[in-house]
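Shown here: structure38.txt, compact mmCIF, C-alpha atoms.
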# COMPACT_ATOMS: atom_id res chain seq x y z
CA MET A 46 1.43 28.22 -39.07
CA SER A 47 0.13 24.68 -38.52
CA GLU A 48 -1.83 24.81 -41.80
CA ALA A 49 1.33 25.82 -43.66
CA LEU A 50 3.28 22.98 -42.07
CA CYS A 51 0.56 20.48 -43.03
CA VAL A 52 0.55 21.71 -46.64
CA ASP A 53 4.36 21.53 -46.71
CA LEU A 54 4.24 17.88 -45.61
CA LEU A 55 1.86 17.03 -48.47
CA VAL A 56 4.07 18.84 -50.96
CA ARG A 57 7.09 16.89 -49.70
CA GLY A 58 5.26 13.60 -50.14
CA GLN A 59 4.78 12.82 -46.46
CA PRO A 60 1.10 11.78 -46.24
CA GLN A 61 1.33 9.87 -42.95
CA ALA A 62 3.27 12.70 -41.29
CA PHE A 63 0.58 15.08 -42.60
CA VAL A 64 -2.20 12.96 -41.03
CA ASP A 65 -0.39 12.87 -37.69
CA LEU A 66 0.39 16.58 -37.58
CA PHE A 67 -3.07 17.59 -38.75
CA SER A 68 -4.65 15.42 -36.04
CA LEU A 69 -2.33 16.84 -33.41
CA THR A 70 -3.05 20.47 -34.26
CA HIS A 71 -6.75 20.50 -35.20
CA SER A 72 -9.94 19.94 -33.30
CA SER A 73 -11.55 16.52 -33.61
CA ASN A 74 -14.80 18.34 -34.45
CA ASP A 75 -13.24 19.69 -37.61
CA THR A 76 -11.52 16.59 -38.93
CA ALA A 77 -12.06 12.89 -39.30
CA VAL A 78 -8.81 11.17 -38.32
CA SER A 79 -7.91 8.43 -40.81
CA THR A 80 -5.15 6.50 -39.04
CA THR A 81 -4.46 2.81 -39.01
CA ASN A 82 -5.80 2.54 -35.46
CA ALA A 83 -8.48 5.15 -34.86
CA SER A 84 -8.75 4.32 -31.17
CA SER A 85 -5.13 5.41 -30.64
CA ALA A 86 -5.29 8.52 -32.79
CA PRO A 87 -3.54 11.69 -31.59
CA GLN A 88 -5.60 14.03 -29.47
CA PRO A 89 -5.86 17.69 -30.56
CA ALA A 90 -3.31 19.82 -28.73
CA SER A 91 -2.62 23.53 -28.57
CA LEU A 92 1.03 23.84 -29.63
CA PRO A 93 3.32 26.88 -30.05
CA GLU A 94 4.47 27.50 -33.63
CA GLU A 95 8.09 26.52 -32.98
CA THR A 96 6.91 23.35 -31.26
CA ALA A 97 4.66 22.41 -34.15
CA ALA A 98 7.61 22.90 -36.54
CA ALA A 99 9.84 20.65 -34.43
CA ILE A 100 7.13 17.99 -34.28
CA SER A 101 6.62 18.19 -38.04
CA GLN A 102 10.34 17.59 -38.63
CA GLU A 103 10.46 14.69 -36.17
CA LEU A 104 7.48 13.07 -37.88
CA VAL A 105 9.28 13.33 -41.21
CA VAL A 106 12.37 11.69 -39.71
CA ALA A 107 10.28 8.87 -38.24
CA HIS A 108 8.36 8.10 -41.43
CA ASP A 109 11.46 8.39 -43.67
CA ALA A 110 13.29 5.95 -41.42
CA GLU A 111 10.36 3.53 -41.57
CA ARG A 112 10.38 3.62 -45.38
CA LYS A 113 14.14 2.99 -45.43
CA GLY A 114 13.87 0.09 -43.00
CA ASP A 115 15.91 1.88 -40.30
CA PHE A 116 13.70 0.82 -37.41
CA GLU A 117 16.01 2.14 -34.69
CA ALA A 118 16.00 5.64 -36.15
CA SER A 119 12.22 5.52 -36.46
CA TYR A 120 11.93 4.25 -32.89
CA ASN A 121 14.15 7.06 -31.59
CA ALA A 122 12.16 9.69 -33.47
CA TYR A 123 8.86 8.46 -32.04
CA GLN A 124 10.44 8.35 -28.60
CA GLN A 125 11.54 11.97 -28.98
CA LEU A 126 7.97 12.90 -29.90
CA ALA A 127 6.58 11.02 -26.90
CA GLU A 128 9.04 12.71 -24.54
CA HIS A 129 8.16 16.07 -26.05
CA PHE A 130 4.43 15.59 -25.43
CA THR A 131 5.12 14.28 -21.93
CA SER A 132 7.00 17.47 -21.11
CA TYR A 133 3.94 19.46 -22.26
CA GLU A 134 1.66 17.10 -20.29
CA HIS A 135 -0.17 16.02 -23.45
CA LEU A 136 -0.20 12.48 -22.10
CA PRO A 137 -2.59 10.79 -24.58
CA ASN A 138 -0.35 11.92 -27.44
CA ALA A 139 2.73 10.73 -25.58
CA LYS A 140 1.04 7.36 -25.13
CA LEU A 141 0.38 7.16 -28.89
CA PHE A 142 4.04 7.60 -29.78
CA TYR A 143 5.37 5.33 -27.04
CA THR A 144 2.95 2.70 -28.35
CA ARG A 145 4.43 3.12 -31.82
CA CYS A 146 7.88 2.56 -30.31
CA LEU A 147 6.59 -0.66 -28.78
CA GLN A 148 5.06 -1.80 -32.06
CA ILE A 149 8.31 -1.18 -33.91
CA ALA A 150 10.37 -3.08 -31.32
CA ILE A 151 8.00 -6.06 -31.37
CA ALA A 152 7.90 -6.16 -35.17
CA HIS A 153 11.71 -6.34 -35.32
CA SER A 154 12.19 -8.62 -32.26
CA TRP A 155 14.22 -5.87 -30.59
CA THR A 156 14.04 -6.88 -26.93
CA GLU A 157 15.91 -3.88 -25.50
CA GLY A 158 13.63 -1.44 -27.32
CA GLU A 159 10.54 -3.37 -26.27
CA ALA A 160 11.63 -3.34 -22.62
CA ALA A 161 12.27 0.41 -22.72
CA ALA A 162 8.90 1.05 -24.35
CA HIS A 163 7.08 -0.97 -21.69
CA THR A 164 8.85 1.05 -18.98
CA ASN A 165 7.83 4.34 -20.58
CA LEU A 166 4.26 3.20 -21.10
CA GLY A 167 4.08 1.98 -17.50
CA MET A 168 5.22 5.32 -16.12
CA LEU A 169 2.81 7.12 -18.43
CA ALA A 170 -0.06 4.88 -17.29
CA GLU A 171 0.74 5.82 -13.69
CA GLN A 172 0.47 9.50 -14.62
CA LEU A 173 -2.86 8.74 -16.28
CA HIS A 174 -3.97 6.89 -13.11
CA ASP A 175 -4.41 3.67 -15.06
CA LEU A 176 -2.75 1.35 -12.56
CA GLN A 177 -3.97 -1.82 -14.24
CA ALA A 178 -2.22 -0.84 -17.48
CA ALA A 179 0.88 0.23 -15.55
CA GLU A 180 0.96 -3.15 -13.82
CA SER A 181 0.78 -4.97 -17.16
CA HIS A 182 3.57 -2.91 -18.74
CA TYR A 183 5.89 -3.27 -15.75
CA GLU A 184 5.32 -7.02 -15.59
CA GLN A 185 6.18 -7.37 -19.26
CA HIS A 186 9.25 -5.20 -18.72
CA LEU A 187 10.45 -7.50 -15.94
CA ALA A 188 9.84 -10.59 -18.07
CA LEU A 189 11.90 -9.10 -20.91
CA LEU A 190 14.72 -8.21 -18.52
CA GLY A 191 14.66 -11.79 -17.31
CA ASN A 192 15.26 -12.94 -20.90
CA LEU A 193 18.06 -10.43 -21.38
CA ARG A 194 19.70 -11.48 -18.12
CA GLN A 195 20.24 -14.96 -19.52
CA PHE A 196 22.62 -13.37 -22.00
CA ALA A 197 24.19 -10.95 -19.48
CA GLU A 198 22.70 -8.00 -21.36
CA THR A 199 21.07 -6.25 -18.41
CA SER A 200 22.51 -4.56 -15.34
CA GLY A 201 21.76 -4.92 -11.64
CA PRO A 202 20.54 -1.32 -11.24
CA GLU A 203 18.15 -1.75 -14.17
CA GLN A 204 16.72 -4.90 -12.58
CA ALA A 205 16.37 -3.14 -9.23
CA ALA A 206 14.55 -0.20 -10.83
CA ALA A 207 12.18 -2.55 -12.66
CA HIS A 208 11.35 -4.42 -9.46
CA ALA A 209 10.81 -1.12 -7.62
CA ASN A 210 8.39 0.04 -10.33
CA VAL A 211 6.27 -3.09 -10.28
CA MET A 212 6.19 -3.28 -6.47
CA LYS A 213 5.07 0.34 -6.23
CA VAL A 214 2.21 -0.35 -8.65
CA TYR A 215 1.15 -3.51 -6.79
CA GLN A 216 0.98 -1.46 -3.59
CA GLU A 217 -1.03 1.34 -5.18
CA ARG A 218 -3.23 -1.15 -6.99
CA ALA A 219 -4.04 -2.87 -3.69
CA LYS A 220 -5.11 0.48 -2.21
CA GLU A 221 -7.25 1.23 -5.25
CA LEU A 222 -8.96 -2.16 -5.06
CA ALA A 223 -9.57 -1.76 -1.32
CA GLN A 224 -11.33 1.55 -1.96
CA ALA A 225 -13.40 -0.15 -4.66
CA GLY A 226 -14.38 -2.91 -2.23
CA ASP A 227 -12.85 -5.70 -4.34
CA GLU A 228 -11.18 -7.62 -1.53
CA GLU A 229 -10.29 -10.74 -3.50
CA ALA A 230 -8.46 -8.70 -6.14
CA ARG A 231 -6.80 -6.69 -3.38
CA LEU A 232 -5.44 -9.85 -1.74
CA HIS A 233 -4.21 -11.05 -5.14
CA ALA A 234 -2.34 -7.77 -5.70
CA LEU A 235 -0.75 -8.00 -2.25
CA ARG A 236 0.42 -11.57 -2.89
CA LYS A 237 1.95 -10.43 -6.19
CA TRP A 238 3.72 -7.67 -4.27
CA ILE A 239 5.16 -10.30 -1.90
CA ARG A 240 6.41 -12.47 -4.76
CA ALA A 241 7.99 -9.46 -6.47
CA ALA A 242 9.68 -8.43 -3.22
CA GLU A 243 11.03 -11.95 -2.74
CA ARG A 244 12.47 -11.96 -6.27
CA SER A 245 14.00 -8.52 -5.79
CA GLY A 246 15.68 -9.46 -2.51
CA ASP A 247 14.33 -6.32 -0.82
CA PRO A 248 13.55 -7.25 2.82
CA ALA A 249 11.99 -3.87 3.64
CA ALA A 250 9.53 -4.13 0.76
CA LEU A 251 8.81 -7.76 1.64
CA ALA A 252 8.08 -6.80 5.25
CA GLN A 253 5.68 -4.04 4.21
CA ALA A 254 3.90 -6.37 1.82
CA HIS A 255 3.40 -8.99 4.54
CA MET A 256 2.09 -6.33 6.93
CA GLN A 257 -0.44 -5.04 4.41
CA LEU A 258 -1.54 -8.59 3.61
CA GLY A 259 -2.02 -9.28 7.30
CA LEU A 260 -4.11 -6.15 7.78
CA ALA A 261 -6.21 -7.07 4.73
CA HIS A 262 -6.86 -10.57 6.11
CA GLN A 263 -7.85 -9.05 9.46
CA GLN A 264 -10.39 -6.77 7.77
CA GLN A 265 -11.83 -9.84 6.04
CA GLY A 266 -12.14 -11.68 9.34
CA GLU A 267 -9.50 -14.21 8.27
CA TYR A 268 -7.63 -14.09 11.56
CA VAL A 269 -5.44 -17.17 11.17
CA GLN A 270 -4.02 -15.90 7.87
CA ALA A 271 -3.68 -12.43 9.37
CA VAL A 272 -1.61 -13.74 12.29
CA LYS A 273 0.63 -15.70 9.91
CA SER A 274 1.34 -12.67 7.71
CA LEU A 275 1.89 -10.32 10.66
CA HIS A 276 4.30 -12.80 12.25
CA GLU A 277 6.20 -12.89 8.95
CA TYR A 278 6.35 -9.09 9.02
CA ILE A 279 7.66 -8.98 12.59
CA ALA A 280 10.26 -11.68 11.87
CA LEU A 281 11.54 -9.70 8.88
CA CYS A 282 11.78 -6.55 10.99
CA GLN A 283 13.80 -8.42 13.59
CA HIS A 284 16.27 -9.54 10.91
CA MET A 285 16.79 -5.97 9.69
CA GLU A 286 19.04 -3.74 11.77
CA GLN A 287 17.44 -0.75 13.49
CA VAL A 288 13.97 -1.59 12.15
CA GLN A 289 11.15 -1.83 14.68
CA PRO A 290 7.76 -3.31 13.79
CA GLU A 291 5.10 -0.67 13.25
CA ALA A 292 2.71 -0.16 16.14
CA GLN A 293 -0.28 -0.72 13.86
CA ALA A 294 0.94 -4.23 13.01
CA LEU A 295 1.49 -5.15 16.66
CA CYS A 296 -1.92 -3.77 17.58
CA SER A 297 -3.63 -5.73 14.82
CA LEU A 298 -1.75 -8.88 15.74
CA ALA A 299 -2.92 -8.55 19.34
CA ASP A 300 -6.53 -8.07 18.21
CA CYS A 301 -6.37 -11.20 16.02
CA GLN A 302 -4.78 -13.24 18.80
CA GLN A 303 -7.53 -12.20 21.21
CA VAL A 304 -10.20 -13.27 18.71
CA LEU A 305 -8.46 -16.65 18.33
CA GLY A 306 -8.23 -17.08 22.11
CA ASN A 307 -4.44 -16.75 22.29
CA LEU A 308 -4.41 -14.39 25.26
CA GLU A 309 -0.76 -14.99 26.11
CA GLY A 310 0.28 -14.07 22.57
CA ALA A 311 -1.96 -11.01 22.66
CA VAL A 312 -0.31 -9.88 25.90
CA GLN A 313 3.16 -10.22 24.34
CA SER A 314 2.10 -8.27 21.26
CA LEU A 315 0.56 -5.49 23.34
CA GLN A 316 3.63 -5.25 25.56
CA SER A 317 5.81 -4.84 22.46
CA PHE A 318 3.32 -2.30 21.15
CA LEU A 319 3.48 -0.42 24.45
CA LEU A 320 7.27 -0.26 24.42
CA GLN A 321 7.16 1.46 21.04
CA SER A 322 4.21 3.78 21.60
CA ARG A 323 4.62 5.07 25.14
CA HIS A 324 7.31 7.67 24.41
CA HIS A 325 5.84 9.26 21.29
CA ASP A 326 2.24 8.13 20.96
CA ALA A 327 -0.08 8.96 23.86
CA GLU A 328 -3.09 7.34 22.20
CA GLY A 329 -1.09 4.19 21.57
CA GLU A 330 -0.06 4.01 25.20
CA VAL A 331 -3.69 4.42 26.29
CA TYR A 332 -4.84 1.66 23.94
CA ALA A 333 -2.12 -0.78 25.01
CA CYS A 334 -2.54 -0.18 28.74
CA CYS A 335 -6.31 -0.51 28.51
CA ASN A 336 -6.24 -3.79 26.64
CA LEU A 337 -3.43 -5.25 28.74
CA GLY A 338 -5.45 -4.46 31.84
CA VAL A 339 -8.51 -6.19 30.37
CA LEU A 340 -6.51 -9.24 29.28
CA TYR A 341 -4.93 -9.69 32.70
CA TYR A 342 -8.34 -9.21 34.32
CA ARG A 343 -9.84 -11.96 32.17
CA GLN A 344 -7.03 -14.25 33.29
CA ARG A 345 -7.72 -13.27 36.94
CA GLN A 346 -4.23 -11.80 37.30
CA TYR A 347 -5.56 -8.81 39.18
CA ASP A 348 -2.27 -7.35 40.40
CA GLU A 349 -0.95 -7.05 36.83
CA ALA A 350 -4.36 -5.78 35.70
CA LEU A 351 -4.24 -3.08 38.36
CA THR A 352 -0.79 -1.94 37.20
CA TYR A 353 -1.94 -1.42 33.62
CA CYS A 354 -5.32 0.04 34.53
CA GLU A 355 -3.61 2.65 36.71
CA ARG A 356 -1.28 3.51 33.83
CA PHE A 357 -4.30 3.64 31.54
CA PHE A 358 -6.04 6.07 33.88
CA GLU A 359 -2.98 8.34 34.18
CA ALA A 360 -2.40 8.37 30.42
CA ALA A 361 -6.09 8.98 29.71
CA ARG A 362 -6.07 12.10 31.88
CA GLY A 363 -3.67 13.70 29.41
CA LEU A 364 -5.82 13.07 26.31
CA ASN A 365 -8.64 15.51 27.10
CA ASP A 366 -11.15 12.86 25.98
CA GLN A 367 -14.01 12.36 28.44
CA ARG A 368 -15.14 9.08 26.89
CA VAL A 369 -11.69 7.50 27.27
CA LEU A 370 -11.37 8.85 30.81
CA ASP A 371 -14.74 7.34 31.75
CA VAL A 372 -13.63 3.96 30.41
CA ALA A 373 -10.42 4.23 32.44
CA ARG A 374 -12.40 4.97 35.62
CA VAL A 375 -14.72 2.01 35.05
CA ASN A 376 -11.85 -0.38 34.38
CA LEU A 377 -9.82 0.76 37.33
CA GLY A 378 -12.85 0.47 39.58
CA ALA A 379 -13.62 -3.05 38.31
CA VAL A 380 -10.07 -4.25 38.96
CA ARG A 381 -9.95 -2.71 42.44
CA ALA A 382 -13.30 -4.32 43.21
CA ALA A 383 -11.95 -7.69 42.09
CA LEU A 384 -8.91 -7.25 44.34
CA THR A 385 -11.14 -6.29 47.26
CA PHE A 386 -13.33 -9.32 46.67
CA ARG A 387 -10.27 -11.56 46.54
CA ASP A 388 -9.09 -10.19 49.87
CA TYR A 389 -12.57 -10.69 51.31
CA VAL A 390 -12.64 -14.32 50.20
CA GLN A 391 -9.26 -14.92 51.79
CA VAL A 392 -10.39 -13.40 55.08
CA ALA A 393 -13.69 -15.28 55.03
CA ASP A 394 -11.93 -18.54 54.31
CA ALA A 395 -9.52 -18.00 57.16
CA ASP A 396 -12.06 -16.79 59.79
CA LEU A 397 -15.59 -18.22 59.49
CA GLN A 398 -16.73 -16.47 62.66
CA THR A 399 -15.93 -13.08 61.16
CA LEU A 400 -17.91 -14.01 58.06
CA LEU A 401 -20.98 -14.94 60.11
CA LEU A 402 -20.82 -11.63 61.98
CA TRP A 403 -20.46 -9.71 58.71
CA LYS A 404 -23.49 -11.39 57.13
CA ASN A 405 -25.88 -9.37 59.28
CA VAL A 406 -24.72 -6.06 57.73
CA ARG A 407 -23.51 -7.14 54.29
CA MET A 408 -24.53 -5.42 51.07
CA PRO A 409 -25.18 -7.38 47.87
CA PHE A 410 -22.04 -7.66 45.75
CA LYS A 411 -22.07 -7.81 41.98
CA GLU A 412 -18.89 -8.21 39.99
CA GLN A 413 -18.41 -5.57 37.30
CA ASN A 414 -16.52 -6.34 34.12
CA PRO A 415 -14.05 -3.83 32.66
CA VAL A 416 -14.62 -2.23 29.29
CA THR A 417 -12.38 -2.85 26.30
CA LEU A 418 -11.24 0.32 24.55
CA SER A 419 -11.12 0.31 20.75
CA VAL A 420 -8.87 2.56 18.74
CA GLN A 421 -10.93 4.97 16.68
Would you mind writing the file's structure down as C-alpha cells?
Amino acid sequence: MSEALCVDLLVRGQPQAFVDLFSLTHSSNDTAVSTTNASSAPQPASLPEETAAAISQELVVAHDAERKGDFEASYNAYQQLAEHFTSYEHLPNAKLFYTRCLQIAIAHSWTEGEAAAHTNLGMLAEQLHDLQAAESHYEQHLALLGNLRQFAETSGPEQAAAHANVMKVYQERAKELAQAGDEEARLHALRKWIRAAERSGDPAALAQAHMQLGLAHQQQGEYVQAVKSLHEYIALCQHMEQVQPEAQALCSLADCQQVLGNLEGAVQSLQSFLLQSRHHDAEGEVYACCNLGVLYYRQRQYDEALTYCERFFEAARGLNDQRVLDVARVNLGAVRAALTFRDYVQVADADLQTLLLWKNVRMPFKEQNPVTLSVQ
C-alpha cells in the first residue's frame, strides 16, 4: 500500500511529498533520505494503510499550499501531521513537522504561529525527556507572548499557561542537574524559576522555588544564603491563607541556624517544626524534641532541656528503632545528671560543712554530653 501511495505521489508531481512519505514508511537501511536537512529527516514508522493514506493526502495539502504561497494552510497541514504522529507516539516524526511549522512562521514573521510552534515543541521535548530543549522553547514562547501583549493580542489564561510550563521545566531541570552533580547549573535553574514565579504573580510557585533554592544552598554548605532563601519561603507561606511551611524547610532552617551559631533562631524554627509534625509525623516529633533538648542543654537551660528530652524518650519508644531509643536514653540521662549536679552545687555553696563531710565518700563526677540525632 505504501509503495502504491509513493508512486501515486510521483505521478501527481509531488516529489517532496514522495520523499517525506517514503522516508516515513521505509527502513533507513533501505533508503538514503535526501531532504533539505538530513539531521531532521523523518524516522521510519510502522503505519496502518489508512493512516499512510491520510498522511499522504496531508503532505500533498502542505506542499501545494507552500507552492501557492498560502503559508497558513501549509502550517496547519504540518501541524495536523505532527499531532497525528504524536497520537501514535512517533515523537521524532512529530518533532520534524512541528519544526516545519516553526520554520514557516519565522519565515513569514507570523508571531502567533511561532509562539504556538514553540509551545508544541516544548511539550514534545518534555515527552522526549529533553528538558534543556523544552526550557529553550518555553522561554521563546514567553518572549513572543510578551511582544504580543504590547498589542493586546494575548489573553491572561494563555500567559498563565506559558508561565506554568516554563516554571515546571525549571523545577524538573533543577532536579536533573542535581542528579548529574552540576550544582552551579542547578542553582541557576532555581533562580530562573524564582524570576519566572515573580513575573507570573504565583506566590505558591515562588514559595516552592525559594524553598528549593534554600535546600540547594544548604547542601552546598552556603548556610547564609540558605537561611535567606528559607526565610523568604516562610514569609511567603505566612502571607498565603491556610498554607503552613513544610516541615523539611523548618528543619533545614534550624540546621543552618545551628551551624551559624544562631541558637535562639534554631530553637524557634524547631518549635515551629514540632507544632506541625507532632500530630502526623512521629519521626518529625522525635527529631524536633531531640534537637530542642540538645540546644537547651548547650545553653544550660536544663529544665527546658529535660522537658524535651522526656518527650523525645516517650516518642522514641513508639518508633521501634533501638538506635533512636538508645540516643534518647543517653540524652535524658545527661540532662538529669546536669540537673543533679546543679542541685549539688547549690547545696555545696549553701552548706560548706556538708560538702567537707561528703568529700570523704565522693565518687568522681564526669559531665556527659547529650547526642544530637540526625534525620536519616
*List the neighbours of A:Val339 out to 12 Å using all atoms listed in the file; skip same-chain residues closer than 5 positions along the sequence, and give me the result as a VMD selection string.*
chain A and resid 303 308 311 to 312 315 332 to 334 344 to 355 357 372 to 373 375 to 377 379 to 380 414 to 419
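Taking atom CA of A:Ala127 as the reference point, atom CA of A:Ala178 is found at 17.5 Å.
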*asked:* If I take atom CA of A:Leu169 and atom CA of A:Lys140, how far is one from the other in Å, to one decimal?
replied: 6.9 Å
*Which polymer residues, protein or nucleic acid, are no farther than 9 Å from (4.5, -14.4, -13.5), counting all atoms listed in the file, as a ChimeraX atom specification?*
/A:184,188,237
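Taking atom CA of A:Leu402 and atom CA of A:Gly378 as endpoints, the distance between them is 26.7 Å.
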Between stretch 146-171 of chain A and stretch 111-124 of chain A, at 10 Å or less, what are the per-residue closest atom pairs and their distances in Å? Count all atoms listed in the file, order by chain and rising residue number, and return it as a tab-separated table.
residue	atom	partner	partner_atom	distance
A:Cys146	CA	A:Tyr120	CA	5.1
A:Leu147	CA	A:Tyr120	CA	8.3
A:Gln148	CA	A:Tyr120	CA	9.2
A:Ile149	CA	A:Tyr120	CA	6.6
A:Ala150	CA	A:Tyr120	CA	7.7
A:Ala152	CA	A:Phe116	CA	9.3
A:His153	CA	A:Phe116	CA	7.7
A:Trp155	CA	A:Glu117	CA	9.2
A:Gly158	CA	A:Tyr120	CA	8.1
A:Ala162	CA	A:Gln124	CA	8.6
A:Asn165	CA	A:Gln124	CA	9.3
*Closest to A:Pro290 among A:Thr144, A:Gln321, A:Gln270, A:Gln316, using all atoms listed in the file?*
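Checking each candidate against A:Pro290, we get A:Gln321 as the closest.
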Please supply stretch 248-269 of chain A, rebuilt with N, CA, C and O atoms, as a compact mmCIF listing (two decimals), in the frame of the given file.
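And here is the file that came out, rebuild03.txt:
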# COMPACT_ATOMS: atom_id res chain seq x y z
N PRO A 248 14.26 -6.84 1.60
CA PRO A 248 13.55 -7.25 2.82
C PRO A 248 12.59 -6.19 3.35
O PRO A 248 11.55 -6.54 3.93
N ALA A 249 12.90 -4.91 3.16
CA ALA A 249 11.99 -3.87 3.64
C ALA A 249 10.67 -3.90 2.88
O ALA A 249 9.60 -3.80 3.48
N ALA A 250 10.75 -4.05 1.56
CA ALA A 250 9.53 -4.13 0.76
C ALA A 250 8.76 -5.40 1.09
O ALA A 250 7.52 -5.38 1.18
N LEU A 251 9.48 -6.50 1.30
CA LEU A 251 8.81 -7.76 1.64
C LEU A 251 8.09 -7.64 2.98
O LEU A 251 6.96 -8.13 3.13
N ALA A 252 8.72 -6.98 3.94
CA ALA A 252 8.08 -6.80 5.25
C ALA A 252 6.81 -5.97 5.13
O ALA A 252 5.76 -6.33 5.68
N GLN A 253 6.87 -4.88 4.39
CA GLN A 253 5.68 -4.04 4.21
C GLN A 253 4.56 -4.79 3.52
O GLN A 253 3.38 -4.64 3.86
N ALA A 254 4.91 -5.61 2.54
CA ALA A 254 3.90 -6.37 1.82
C ALA A 254 3.21 -7.37 2.75
O ALA A 254 1.99 -7.53 2.71
N HIS A 255 3.99 -8.04 3.59
CA HIS A 255 3.40 -8.99 4.54
C HIS A 255 2.50 -8.26 5.54
O HIS A 255 1.43 -8.77 5.91
N MET A 256 2.92 -7.07 5.99
CA MET A 256 2.09 -6.33 6.93
C MET A 256 0.75 -5.95 6.29
O MET A 256 -0.31 -6.14 6.90
N GLN A 257 0.79 -5.44 5.07
CA GLN A 257 -0.44 -5.04 4.41
C GLN A 257 -1.34 -6.23 4.14
O GLN A 257 -2.57 -6.14 4.25
N LEU A 258 -0.74 -7.39 3.81
CA LEU A 258 -1.54 -8.59 3.61
C LEU A 258 -2.19 -9.02 4.92
O LEU A 258 -3.36 -9.42 4.94
N GLY A 259 -1.44 -8.93 6.01
CA GLY A 259 -2.02 -9.28 7.30
C GLY A 259 -3.18 -8.38 7.68
O GLY A 259 -4.22 -8.85 8.16
N LEU A 260 -3.03 -7.08 7.46
CA LEU A 260 -4.11 -6.15 7.78
C LEU A 260 -5.33 -6.41 6.90
O LEU A 260 -6.48 -6.30 7.36
N ALA A 261 -5.09 -6.77 5.63
CA ALA A 261 -6.21 -7.07 4.73
C ALA A 261 -6.95 -8.32 5.19
O ALA A 261 -8.19 -8.36 5.18
N HIS A 262 -6.21 -9.35 5.60
CA HIS A 262 -6.86 -10.57 6.11
C HIS A 262 -7.67 -10.26 7.38
O HIS A 262 -8.77 -10.80 7.56
N GLN A 263 -7.13 -9.41 8.23
CA GLN A 263 -7.85 -9.05 9.46
C GLN A 263 -9.18 -8.37 9.12
O GLN A 263 -10.21 -8.69 9.71
N GLN A 264 -9.17 -7.46 8.16
CA GLN A 264 -10.39 -6.77 7.77
C GLN A 264 -11.42 -7.74 7.19
O GLN A 264 -12.62 -7.51 7.30
N GLN A 265 -10.94 -8.82 6.60
CA GLN A 265 -11.83 -9.84 6.04
C GLN A 265 -12.29 -10.85 7.08
O GLN A 265 -13.09 -11.74 6.78
N GLY A 266 -11.79 -10.72 8.31
CA GLY A 266 -12.14 -11.68 9.34
C GLY A 266 -11.40 -13.00 9.22
O GLY A 266 -11.78 -14.00 9.84
N GLU A 267 -10.32 -13.01 8.45
CA GLU A 267 -9.50 -14.21 8.27
C GLU A 267 -8.32 -14.12 9.23
O GLU A 267 -7.19 -13.82 8.84
N TYR A 268 -8.58 -14.40 10.50
CA TYR A 268 -7.63 -14.09 11.56
C TYR A 268 -6.41 -15.01 11.56
O TYR A 268 -5.30 -14.57 11.90
N VAL A 269 -6.58 -16.26 11.20
CA VAL A 269 -5.44 -17.17 11.17
C VAL A 269 -4.43 -16.72 10.12
O VAL A 269 -3.21 -16.65 10.39
